[in-house]
$ cat target04.cif   # mmCIF, C-alpha atoms and all ligand atoms
data_target
#
loop_
_atom_site.label_atom_id
_atom_site.label_comp_id
_atom_site.auth_asym_id
_atom_site.auth_seq_id
_atom_site.Cartn_x
_atom_site.Cartn_y
_atom_site.Cartn_z
CA MET A 226 0.00 0.00 0.00
CA ILE A 227 1.28 3.46 -0.91
CA VAL A 228 0.83 6.41 1.44
CA ALA A 229 1.01 9.70 -0.45
CA THR A 230 1.07 13.06 1.27
CA ASP A 231 1.57 15.28 -1.77
CA ARG A 232 -0.35 15.57 -4.99
CA GLY A 233 2.68 14.63 -7.12
CA ASP A 234 2.97 11.23 -5.43
CA LEU A 235 -0.79 10.77 -5.66
CA ALA A 236 -0.75 11.53 -9.40
CA ALA A 237 2.17 9.14 -10.00
CA ALA A 238 0.47 6.29 -8.12
CA ARG A 239 -2.87 7.03 -9.81
CA ALA A 240 -1.22 6.91 -13.25
CA ARG A 241 -0.17 3.31 -12.59
CA MET A 242 -3.76 2.23 -11.81
CA THR A 243 -5.81 0.52 -14.50
CA GLY A 244 -9.46 -0.53 -14.59
CA ARG A 245 -12.10 0.84 -12.21
CA VAL A 246 -10.75 3.11 -9.48
CA ALA A 247 -12.85 3.87 -6.39
CA VAL A 248 -12.33 6.46 -3.67
CA VAL A 249 -13.52 6.58 -0.07
CA MET A 250 -13.11 10.08 1.35
CA THR A 251 -12.68 10.41 5.11
CA MET A 252 -11.59 12.84 7.78
CA GLY A 253 -9.74 9.99 9.53
CA ALA A 254 -10.59 8.55 12.96
CA LEU A 255 -11.66 5.48 11.01
CA HIS A 256 -14.23 3.12 12.51
CA ALA A 257 -16.33 0.17 11.37
CA GLY A 258 -18.55 2.54 9.36
CA HIS A 259 -15.55 3.55 7.24
CA ALA A 260 -14.50 -0.11 6.99
CA ALA A 261 -17.94 -0.87 5.51
CA LEU A 262 -17.38 1.83 2.87
CA ILE A 263 -13.93 0.47 2.10
CA ARG A 264 -15.24 -3.12 1.80
CA ALA A 265 -18.15 -2.08 -0.44
CA ALA A 266 -15.72 -0.26 -2.72
CA ARG A 267 -13.09 -3.00 -2.56
CA ALA A 268 -15.65 -5.59 -3.70
CA VAL A 269 -16.12 -3.96 -7.12
CA ALA A 270 -13.10 -1.75 -7.78
CA ASP A 271 -9.79 -2.76 -9.33
CA HIS A 272 -8.01 -0.14 -7.24
CA LEU A 273 -9.07 1.66 -4.08
CA ILE A 274 -7.94 5.06 -2.80
CA VAL A 275 -8.76 6.32 0.71
CA THR A 276 -8.29 10.01 1.46
CA ILE A 277 -7.70 11.29 4.99
CA PHE A 278 -8.07 15.03 5.40
CA VAL A 279 -9.75 17.04 8.16
CA ASN A 280 -11.23 19.78 6.01
CA PRO A 281 -11.27 23.13 7.84
CA LEU A 282 -13.66 24.62 5.28
CA GLN A 283 -16.58 22.57 6.57
CA PHE A 284 -16.23 23.54 10.25
CA GLY A 285 -17.92 26.65 11.68
CA PRO A 286 -15.95 28.99 13.97
CA SER A 287 -17.46 27.46 17.12
CA GLU A 288 -17.23 23.84 15.94
CA ASP A 289 -14.73 21.11 16.82
CA PHE A 290 -12.06 21.49 14.09
CA GLY A 291 -9.28 21.93 16.68
CA ARG A 292 -10.25 18.91 18.75
CA TYR A 293 -11.48 16.68 15.90
CA PRO A 294 -9.77 13.29 16.48
CA ARG A 295 -6.59 12.85 14.42
CA THR A 296 -5.37 9.24 14.38
CA VAL A 297 -3.51 9.00 11.06
CA GLU A 298 -1.13 6.16 12.00
CA ALA A 299 -3.96 3.93 13.21
CA ASP A 300 -6.03 4.92 10.16
CA VAL A 301 -3.22 3.90 7.80
CA GLU A 302 -2.99 0.50 9.51
CA ILE A 303 -6.75 -0.03 9.13
CA CYS A 304 -6.45 0.81 5.42
CA ARG A 305 -3.56 -1.62 5.05
CA ALA A 306 -5.55 -4.39 6.74
CA GLU A 307 -8.57 -3.66 4.50
CA GLY A 308 -6.54 -4.04 1.29
CA VAL A 309 -6.52 -0.36 0.26
CA ASP A 310 -4.04 0.39 -2.56
CA LEU A 311 -3.36 4.05 -1.88
CA VAL A 312 -3.89 6.37 1.08
CA PHE A 313 -3.79 10.10 0.32
CA ALA A 314 -3.22 11.99 3.57
CA PRO A 315 -2.28 15.53 2.56
CA ALA A 316 -1.37 18.49 4.76
CA HIS A 317 -3.56 21.61 4.63
CA GLN A 318 -1.34 23.50 2.15
CA GLU A 319 -1.37 20.55 -0.24
CA ILE A 320 -5.13 20.89 -0.63
CA TYR A 321 -5.48 24.67 -0.19
CA ARG A 322 -2.32 25.91 -1.86
CA ASP A 323 -3.12 29.61 -1.46
CA GLY A 324 -4.61 29.31 2.03
CA GLU A 325 -8.32 30.07 1.82
CA PRO A 326 -9.67 29.16 -1.63
CA ARG A 327 -11.00 32.14 -3.60
CA VAL A 328 -13.59 29.97 -5.35
CA ARG A 329 -15.90 27.51 -3.60
CA VAL A 330 -18.77 25.29 -4.68
CA ASP A 331 -22.12 26.96 -3.93
CA SER A 332 -24.22 24.15 -2.48
CA GLY A 333 -27.52 25.94 -3.19
CA PRO A 334 -30.90 25.93 -1.41
CA LEU A 335 -30.84 22.28 -0.31
CA ALA A 336 -27.87 23.22 1.86
CA THR A 337 -29.81 25.84 3.83
CA ILE A 338 -32.21 23.38 5.52
CA LEU A 339 -31.66 20.75 8.25
CA GLU A 340 -27.87 20.53 8.88
CA GLY A 341 -27.30 23.59 6.73
CA ALA A 342 -29.65 25.73 8.85
CA SER A 343 -27.59 24.94 11.95
CA ARG A 344 -24.22 24.97 10.16
CA PRO A 345 -24.11 27.83 7.63
CA GLY A 346 -21.40 27.30 4.99
CA HIS A 347 -20.84 23.69 6.04
CA PHE A 348 -21.95 22.13 2.76
CA ASP A 349 -20.08 24.66 0.60
CA GLY A 350 -16.97 23.46 2.45
CA VAL A 351 -17.87 19.78 2.03
CA LEU A 352 -18.66 20.05 -1.69
CA THR A 353 -15.55 22.13 -2.36
CA VAL A 354 -13.23 19.52 -0.87
CA VAL A 355 -15.16 16.59 -2.38
CA LEU A 356 -14.88 18.13 -5.85
CA LYS A 357 -11.16 18.80 -5.34
CA LEU A 358 -10.55 15.23 -4.15
CA LEU A 359 -12.53 13.83 -7.10
CA ASN A 360 -10.38 15.91 -9.44
CA LEU A 361 -7.15 14.88 -7.72
CA THR A 362 -7.95 11.16 -7.52
CA ARG A 363 -9.80 10.97 -10.87
CA ALA A 364 -11.87 8.14 -9.36
CA ASP A 365 -14.55 6.36 -11.39
CA ALA A 366 -16.69 5.76 -8.30
CA ALA A 367 -16.92 7.39 -4.87
CA TYR A 368 -18.51 5.79 -1.80
CA PHE A 369 -20.24 7.80 0.94
CA GLY A 370 -22.18 6.70 4.02
CA GLU A 371 -25.94 7.22 4.28
CA LYS A 372 -25.34 8.34 7.87
CA ASP A 373 -24.56 11.82 6.46
CA TYR A 374 -27.69 11.71 4.34
CA GLN A 375 -27.88 15.39 3.42
CA GLN A 376 -24.19 15.32 2.47
CA LEU A 377 -24.79 12.28 0.23
CA THR A 378 -27.84 13.95 -1.36
CA LEU A 379 -25.89 17.14 -2.06
CA ILE A 380 -22.90 15.26 -3.49
CA ARG A 381 -25.26 13.45 -5.86
CA ALA A 382 -26.80 16.81 -6.84
CA MET A 383 -23.37 18.39 -7.43
CA VAL A 384 -22.21 15.50 -9.60
CA ARG A 385 -25.41 15.65 -11.65
CA ASP A 386 -25.67 19.44 -11.92
CA LEU A 387 -21.98 20.03 -12.68
CA ASP A 388 -21.55 16.91 -14.88
CA VAL A 389 -18.75 15.47 -12.78
CA PRO A 390 -17.72 12.15 -14.38
CA VAL A 391 -18.01 9.88 -11.33
CA GLU A 392 -20.53 7.40 -9.98
CA ILE A 393 -21.69 8.15 -6.42
CA ILE A 394 -22.61 5.14 -4.30
CA GLY A 395 -24.36 5.38 -0.94
CA VAL A 396 -23.62 2.74 1.71
CA PRO A 397 -26.08 1.95 4.54
CA THR A 398 -25.30 3.25 8.03
CA VAL A 399 -23.42 0.89 10.32
CA ARG A 400 -24.85 0.70 13.85
CA GLU A 401 -23.71 -0.59 17.22
CA PRO A 402 -25.72 -3.64 18.39
CA ASP A 403 -27.91 -1.28 20.48
CA GLY A 404 -28.71 0.86 17.44
CA LEU A 405 -26.38 3.87 17.84
CA ALA A 406 -25.07 4.95 14.44
CA LEU A 407 -21.26 4.81 14.25
CA SER A 408 -19.64 8.24 14.15
CA SER A 409 -16.16 9.59 14.84
CA ARG A 410 -17.87 11.98 17.28
CA ASN A 411 -19.23 9.13 19.45
CA ARG A 412 -15.85 9.10 21.20
CA TYR A 413 -16.75 12.48 22.77
CA LEU A 414 -19.73 10.91 24.62
CA SER A 415 -19.47 10.20 28.36
CA PRO A 416 -21.05 6.86 29.46
CA ALA A 417 -24.22 8.76 30.48
CA ASP A 418 -24.30 10.63 27.15
CA ARG A 419 -23.79 7.35 25.32
CA THR A 420 -26.93 5.94 26.97
CA ALA A 421 -28.92 9.14 26.32
CA ALA A 422 -27.80 9.11 22.65
CA LEU A 423 -29.82 5.94 22.09
CA ALA A 424 -32.88 8.24 22.03
CA LEU A 425 -31.96 9.07 18.40
CA PRO A 426 -32.23 5.56 16.92
CA ARG A 427 -35.23 4.90 19.22
CA ALA A 428 -36.96 7.99 17.86
CA LEU A 429 -36.28 6.93 14.27
CA ARG A 430 -37.62 3.43 14.91
CA ALA A 431 -40.75 4.78 16.63
CA GLY A 432 -41.37 7.20 13.74
CA ALA A 433 -40.82 4.47 11.16
CA ALA A 434 -43.20 2.08 12.96
CA ALA A 435 -45.95 4.74 13.04
CA ALA A 436 -45.39 5.58 9.37
CA GLU A 437 -45.46 1.96 8.33
CA ALA A 438 -48.65 1.37 10.35
CA GLY A 439 -50.29 3.93 8.06
CA LEU A 440 -50.70 6.59 10.78
CA GLY A 441 -49.41 9.36 8.47
CA GLY A 442 -46.52 11.81 8.59
CA ASP A 443 -47.70 13.92 11.54
CA ARG A 444 -48.26 10.93 13.84
CA SER A 445 -44.91 9.48 12.73
CA LEU A 446 -43.12 12.71 13.69
CA ALA A 447 -45.03 12.93 16.97
CA ALA A 448 -44.03 9.37 17.90
CA ALA A 449 -40.39 10.14 17.14
CA ARG A 450 -40.40 13.46 19.02
CA THR A 451 -41.87 11.80 22.12
CA GLU A 452 -38.79 9.57 22.37
CA ILE A 453 -36.44 12.56 22.26
CA ALA A 454 -38.52 14.72 24.60
CA GLY A 455 -38.64 11.88 27.15
CA THR A 456 -34.84 11.56 27.35
CA PRO A 457 -33.05 13.95 29.74
CA GLY A 458 -29.78 15.33 28.38
CA VAL A 459 -30.90 15.25 24.73
CA VAL A 460 -31.77 18.59 23.13
CA LEU A 461 -33.47 18.29 19.77
CA ASP A 462 -32.17 20.43 16.92
CA TYR A 463 -34.48 19.10 14.19
CA LEU A 464 -36.53 16.04 13.40
CA GLU A 465 -38.17 16.01 9.97
CA LEU A 466 -39.83 13.61 7.58
CA THR A 467 -38.83 14.34 4.00
CA ASP A 468 -39.02 12.63 0.64
CA PRO A 469 -35.93 10.56 -0.31
CA VAL A 470 -34.15 13.63 -1.75
CA LEU A 471 -35.00 15.86 1.23
CA GLY A 472 -38.03 17.52 -0.38
CA PRO A 473 -41.46 17.98 1.29
CA THR A 474 -43.08 15.08 3.17
CA PRO A 475 -44.81 12.74 0.72
CA VAL A 476 -48.32 11.46 1.44
CA ARG A 477 -47.24 7.85 0.94
CA GLY A 478 -44.33 5.79 -0.32
CA PRO A 479 -40.61 6.12 0.41
CA ALA A 480 -39.54 8.87 2.81
CA ARG A 481 -36.64 9.73 5.12
CA LEU A 482 -36.73 10.54 8.81
CA VAL A 483 -33.80 12.79 9.70
CA VAL A 484 -32.77 13.91 13.16
CA ALA A 485 -30.10 16.03 14.82
CA ALA A 486 -29.73 16.55 18.56
CA ARG A 487 -27.20 17.72 21.08
CA VAL A 488 -26.27 15.05 23.61
CA GLY A 489 -24.25 16.71 26.36
CA ALA A 490 -21.72 18.78 24.40
CA THR A 491 -21.85 16.56 21.31
CA ARG A 492 -24.07 17.12 18.27
CA LEU A 493 -25.23 13.87 16.67
CA ILE A 494 -27.19 13.19 13.49
CA ASP A 495 -28.99 10.10 12.24
CA ASN A 496 -31.62 9.13 9.67
CA LEU A 497 -33.72 6.19 8.52
CA ALA A 498 -35.57 5.20 5.37
CA VAL A 499 -39.30 4.81 6.08
CA GLU A 500 -42.24 3.75 3.97
CA LEU A 501 -45.38 5.85 4.49
CA GLY A 502 -48.16 3.30 4.34
O1 LIG B 601 -18.06 12.68 5.56
C1 LIG B 601 -16.91 13.12 5.77
O2 LIG B 601 -16.10 12.53 6.47
C2 LIG B 601 -16.51 14.45 5.14
O3 LIG B 601 -17.57 15.36 5.11
C3 LIG B 601 -15.87 14.30 3.75
C4 LIG B 601 -16.86 13.73 2.75
C5 LIG B 601 -14.65 13.39 3.84
C6 LIG B 601 -15.42 15.67 3.24
O4 LIG B 601 -14.50 16.26 4.08
#
$ encode --input "target04.cif" --output "structure tokens" --more "lines below"
Ligand code: PAF
Amino acid sequence: MIVATDRGDLAAARARMTGRVAVVMTMGALHAGHAALIRAARAVADHLIVTIFVNPLQFGPSEDFGRYPRTVEADVEICRAEGVDLVFAPAHQEIYRDGEPRVRVDSGPLATILEGASRPGHFDGVLTVVLKLLNLTRADAAYFGEKDYQQLTLIRAMVRDLDVPVEIIGVPTVREPDGLALSSRNRYLSPADRTAALALPRALRAGAAAAEAGLGGDRSLAAARTEIAGTPGVVLDYLELTDPVLGPTPVRGPARLVVAARVGATRLIDNLAVELG
């Protein structure tokens, strides 16, 4: 496995790759959720690139950029064990050569709701780095987790609207046995927070059960909100029922329950596909 830290080494290694090349983009602190992305990509790609870069552009001024977990050596070992061909782990100036980029991707109106309403500018930062990493890796396919559902939806929209020549593949969320979605931020949770955080998957399951029982969107949301409201230490940011591309709630058929809440000092997000009966 090659570990490249500059774009010249990345380009040289990429030039030697033939067939279908896949990329899994990460901010490091790899866990079983990332391993699932890597395995899904590995199963169909001839060559697999993993990028590790904590992208400052997608963090707000009061967010956790400074304390975001950085575990590059362990991450590289996980990639080696998972059969990755190339890890690209650049320093800041390798990605943003002139410091702050003068031009960014404008993520549009879909980026102003849900996560975007709480994190202004976040998705412009995400899409800017994703587009740069797609250009640098020249991957044929890129794999992203459904856990960050709005991110996945916006990446699909960017690729379609800007005619980026790559296939975007979403991979289902990996959960702990008790239902908590895996996230690099789970390591911030105290044992009490960890227990309280289970209100998120419980809320999603309650909402999905009500939806599937044919009780309608409002009753589904009410059932989900009751789970959050009944859990001390969990402060709801949003809980919405949208169509599969984050549009208005459909009357029936496929939909998505999306939730964000603060658990102690940690902000967590989760989502679930539901079928409105
Ligand atoms: O999902 C993430 O880890 C990040 O948002 C991504 C896609 C690697 C861009 O920095």
$ residues_around --input "target04.cif" --residues "segment 328-338 of chain A" --least-positions-apart "3" --cutoff "9 Å" --atoms "all atoms listed in the file" --output "list in words"
Glu325, Gly341, Ala342, Ser343, Arg344, Pro345, Gly346, His347, Phe348, Asp349, Gly350, Val351, Leu352, Thr353, Val354, Leu356, Gln375, Gln376, Thr378, Leu379, Ala382, Met383, Leu471 and Gly472 of chain A
$ atom_distance --input "target04.cif" --atom1 "atom CA of Arg232 of chain A" --atom2 "atom CA of Leu358 of chain A"
10.2 Å
$ axis_aligned_box --input "target04.cif" --around "ligand LIG 601 (chain B)" --padding-each-side "8 Å" --output "JSON"
{"center_x": -16.3, "center_y": 14.4, "center_z": 4.6, "size_x": 19.6, "size_y": 19.7, "size_z": 19.7}
$ closest_residue --input "target04.cif" --among "A:Gly370, A:Pro397, A:Gly244, A:Gly258" --to "ligand LIG 601 (chain B)" --atoms "all atoms listed in the file"
A:Gly370
$ closest_residue --input "target04.cif" --among "A:Arg292, A:Arg481, A:His259, A:Arg427" --to "ligand LIG 601 (chain B)" --atoms "only C-alpha atoms and all ligand atoms"
A:His259
$ residues_near_point --input "target04.cif" --point "(3.6, 6.4, -8.1)" --cutoff "12 Å" --atoms "only C-alpha atoms" --output "list in words"
Met226, Ile227, Val228, Ala229, Thr230, Asp231, Arg232, Gly233, Asp234, Leu235, Ala236, Ala237, Ala238, Arg239, Ala240, Arg241, Met242, Asp310, Leu311, Val312 and Phe313 of chain A
$ residues_around --input "target04.cif" --residues "segment 264-269 of chain A" --least-positions-apart "5" --cutoff "12 Å" --atoms "only C-alpha atoms" --output "count of residues only"
32
$ residues_around --input "target04.cif" --residues "Gly441 of chain A" --least-positions-apart "6" --cutoff "12 Å" --atoms "all atoms listed in the file" --output "list in words"
Gly432, Ala433, Ala434, Ala435, Ala447, Ala448, Leu466, Thr474, Pro475, Val476, Arg477, Gly478, Ala480, Val499, Glu500, Leu501 and Gly502 of chain A
$ residues_around --input "target04.cif" --residues "His256 of chain A" --least-positions-apart "6" --cutoff "10 Å" --atoms "all atoms listed in the file" --output "PDB file with C-alpha atoms, in the frame of the given file"
ATOM      1  CA  ASP A 300      -6.030   4.920  10.160  1.00  0.00           C
ATOM      2  CA  ILE A 303      -6.750  -0.030   9.130  1.00  0.00           C
ATOM      3  CA  VAL A 399     -23.420   0.890  10.320  1.00  0.00           C
ATOM      4  CA  LEU A 407     -21.260   4.810  14.250  1.00  0.00           C
ATOM      5  CA  SER A 408     -19.640   8.240  14.150  1.00  0.00           C
ATOM      6  CA  SER A 409     -16.160   9.590  14.840  1.00  0.00           C
TER       7      SER A 409
END
$ residues_near_ligand --input "target04.cif" --ligand "ligand LIG 601 (chain B)" --cutoff "7 Å" --atoms "only C-alpha atoms and all ligand atoms" --output "number ranges by chain"
A: 250-252, 278-280, 351, 354-355, 373
